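Asker: Structure provided below as structure tokens; questions to follow.
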Amino acid sequence: SEVYVKVLPSFVRTGIGNFFGNLGDGWSAINHLLQGKPEDALNMTLRMAVNTTIGLGGLLDVAGEAGLERRSEDLGQTLGVWGVPSGPYLVLPLLGPSSLRDSVGTVAGMADRASPNYTDDVALRNSALLLSVVQTRAELLGATRLLDDIALDRYTFLRDAYLARRRNLVYDGNPPEERDDAPK
């Protein structure tokens, strides 16, 4: 994935990121609805509609430039809002840190991208899925370098940071106090 970052011009990487972000905006809208946030769901639906039509299929982030902020939500967050515990911490090959609950959403998203919903051309579908994985990995390279520089115990630091961030996302930035006797 380092080759990917060095070879492609930044506008191409940005366009690829925007395209997959636009696909994710549709799922975010659904997850906002499932979490009881209809205003955010409408915002994400509008954002996706603008970027799909005016933004050349999502390659350009016209909605972002117009002030429609991306508020990404995923199935792992929705399950967390519904009270499903995060479960054990996992590290997914190529995709990085996750929990059992969050990996369900990640796998569902990948399965959707690999499904015939978008195209019947298997080679095109698989290429898009591979490009999505490489894009995700490329976006994490800067964080990986930073992690190598600051963490004494890389695994523990990454695990604790990941779980704290996901907990914060589930509670929209306002998680309840953790009890000392609460299971972790």
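By convention here, the chains of the structure tokens are called A, B, ... in the order presented, each chain's residues are numbered starting at 1, and ligands are numbered starting at 1 in the order presented.
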Using only C-alpha atoms, which residues of stretch 14-120 of chain A come within 12 Å of stretch 140-162 of chain A, and what is the closest atom pair for each, with the distance in Å to one decimal? Give it as JSON lines, sorted by chain and residue number.
Answerer:
```
{"residue": "A:Ser86", "atom": "CA", "partner": "A:Tyr162", "partner_atom": "CA", "distance": 11.3}
{"residue": "A:Pro88", "atom": "CA", "partner": "A:Arg159", "partner_atom": "CA", "distance": 10.3}
{"residue": "A:Tyr89", "atom": "CA", "partner": "A:Arg159", "partner_atom": "CA", "distance": 7.0}
{"residue": "A:Leu90", "atom": "CA", "partner": "A:Arg159", "partner_atom": "CA", "distance": 8.6}
{"residue": "A:Val91", "atom": "CA", "partner": "A:Arg159", "partner_atom": "CA", "distance": 9.0}
{"residue": "A:Leu94", "atom": "CA", "partner": "A:Leu140", "partner_atom": "CA", "distance": 10.1}
{"residue": "A:Leu95", "atom": "CA", "partner": "A:Leu140", "partner_atom": "CA", "distance": 8.9}
{"residue": "A:Gly96", "atom": "CA", "partner": "A:Leu140", "partner_atom": "CA", "distance": 8.8}
{"residue": "A:Pro97", "atom": "CA", "partner": "A:Tyr162", "partner_atom": "CA", "distance": 6.9}
{"residue": "A:Ser98", "atom": "CA", "partner": "A:Tyr162", "partner_atom": "CA", "distance": 7.5}
{"residue": "A:Ser99", "atom": "CA", "partner": "A:Tyr162", "partner_atom": "CA", "distance": 8.9}
{"residue": "A:Asp102", "atom": "CA", "partner": "A:Tyr162", "partner_atom": "CA", "distance": 10.9}
```
Asker: If we count only C-alpha atoms, what is near A:Asp172 at a cut-off of 10 Å, once residues fewer than 4 positions away on the same chain are taken out, given as a ChimeraX atom specification?
Answerer: /A:73,77,81,166-168
Asker: Looking only at helix (DSSP H, G or I) from DSSP on the backbone, list the matching residues of chain A as a PyMOL selection string.
Answerer: chain A and resi 2-7+10-34+38-53+62-65+75-81+100-113+122-139+141-150+154-170
Asker: Record the distance separating atom CA of A:Arg47 and atom CA of A:Ala63, expressed in Å with one decimal.
Answerer: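 Computing it gives 5.4 Å between the two atoms.
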Asker: Would you compute the distance between atom CA of A:Pro38 and atom CA of A:Val84? Give it in Å to one decimal.
Answerer: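 For atom CA of A:Pro38 relative to atom CA of A:Val84, the distance reads 21.4 Å.
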Asker: Excluding A:Asn18 and its own-chain neighbours fewer than 4 positions away, which residues fall within 10 Å of it when counting only C-alpha atoms? Please give them as an MDAnalysis selection string.
Answerer: chainID A and resid 12:14 22:24 51 55 57:62
Asker: Dump N, CA and C atoms for the selected residues as a short mmCIF file (atom, residue, chain, number, x, y, z; two decimals), in the first residue's frame?
Answerer:
```cif
data_model
loop_
_atom_site.label_atom_id
_atom_site.label_comp_id
_atom_site.auth_asym_id
_atom_site.auth_seq_id
_atom_site.Cartn_x
_atom_site.Cartn_y
_atom_site.Cartn_z
N VAL A 12 -6.08 11.84 -7.37
CA VAL A 12 -6.66 10.53 -7.67
C VAL A 12 -6.98 9.82 -6.35
N ARG A 13 -6.05 9.86 -5.40
CA ARG A 13 -6.30 9.25 -4.08
C ARG A 13 -7.49 9.91 -3.41
N THR A 14 -7.58 11.23 -3.51
CA THR A 14 -8.71 11.96 -2.92
C THR A 14 -10.02 11.54 -3.58
N ASN A 22 -18.56 8.29 -0.24
CA ASN A 22 -19.93 8.53 -0.70
C ASN A 22 -20.79 7.27 -0.57
N LEU A 23 -20.21 6.13 -0.90
CA LEU A 23 -20.94 4.86 -0.70
C LEU A 23 -21.25 4.66 0.78
N GLY A 24 -20.27 4.97 1.62
CA GLY A 24 -20.45 4.84 3.06
C GLY A 24 -21.49 5.79 3.62
N ASN A 51 -23.50 14.58 -3.75
CA ASN A 51 -22.21 14.10 -4.26
C ASN A 51 -22.37 13.11 -5.41
N GLY A 55 -21.44 15.75 -7.83
CA GLY A 55 -20.04 15.40 -7.56
C GLY A 55 -19.51 14.25 -8.39
N GLY A 57 -20.62 11.21 -9.36
CA GLY A 57 -20.72 9.87 -8.79
C GLY A 57 -20.02 9.73 -7.46
N GLY A 58 -19.70 10.85 -6.83
CA GLY A 58 -19.04 10.81 -5.53
C GLY A 58 -17.55 11.06 -5.59
N LEU A 59 -16.98 11.24 -6.80
CA LEU A 59 -15.54 11.51 -6.90
C LEU A 59 -15.17 12.87 -6.30
N LEU A 60 -16.12 13.81 -6.36
CA LEU A 60 -15.91 15.13 -5.77
C LEU A 60 -16.80 15.27 -4.55
N ASP A 61 -16.31 15.93 -3.52
CA ASP A 61 -17.09 16.15 -2.31
C ASP A 61 -17.73 17.54 -2.35
N VAL A 62 -18.69 17.70 -3.25
CA VAL A 62 -19.40 18.97 -3.41
C VAL A 62 -20.20 19.29 -2.15
#
```
Asker: Can you check which residues of chain A DSSP gives as strand (DSSP E or B) on the backbone and send them as a PyMOL selection string?
Answerer: chain A and resi 89-92+96-99
Asker: List the neighbours of A:Leu129 out to 9 Å using only C-alpha atoms; skip same-chain residues closer than 3 positions along the sequence, and give me the result as a JSON list (two decimals) with C-alpha atoms, in the first residue's frame.
Answerer:
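The resulting file, part-v4.json, is reproduced below:
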```json
[["chain", "number", "residue", "atom", "x", "y", "z"],
["A", 110, "MET", "CA", -17.17, -5.60, 2.53],
["A", 111, "ALA", "CA", -19.80, -8.18, 1.61],
["A", 113, "ARG", "CA", -19.22, -4.06, -1.89],
["A", 114, "ALA", "CA", -18.60, -7.58, -3.19],
["A", 124, "LEU", "CA", -14.94, -5.21, -11.66],
["A", 125, "ARG", "CA", -16.60, -5.95, -8.32],
["A", 126, "ASN", "CA", -13.51, -7.71, -6.95],
["A", 132, "SER", "CA", -11.41, -0.18, -1.17],
["A", 133, "VAL", "CA", -9.17, -2.28, 1.10],
["A", 134, "VAL", "CA", -6.00, -0.66, -0.29]]
```
Asker: With only C-alpha atoms as the counted atoms, please give the residues lying no more than 9 Å from A:Val104, apart from itself and same-chain residues fewer than 5 positions off, as a PyMOL selection string.
Answerer: chain A and resi 75-76+99+109
Asker: Give me, as a list in words, all polymer residues having an atom no more than 12 Å from A:Leu68, counting only C-alpha atoms and skipping those fewer than 6 positions away in the same chain.
Answerer: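 Near A:Leu68, the qualifying residues are Asp25, Asp40, Ala41, Leu42, Asn43, Met44, Thr45, Leu46, Arg47, Met48, Ala49, Val50, Asn51, Asp61 and Val62 of chain A.
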Asker: In Å, how far is it from atom CA of A:Ala123 to atom CA of A:Pro93?
Answerer: 22.0 Å
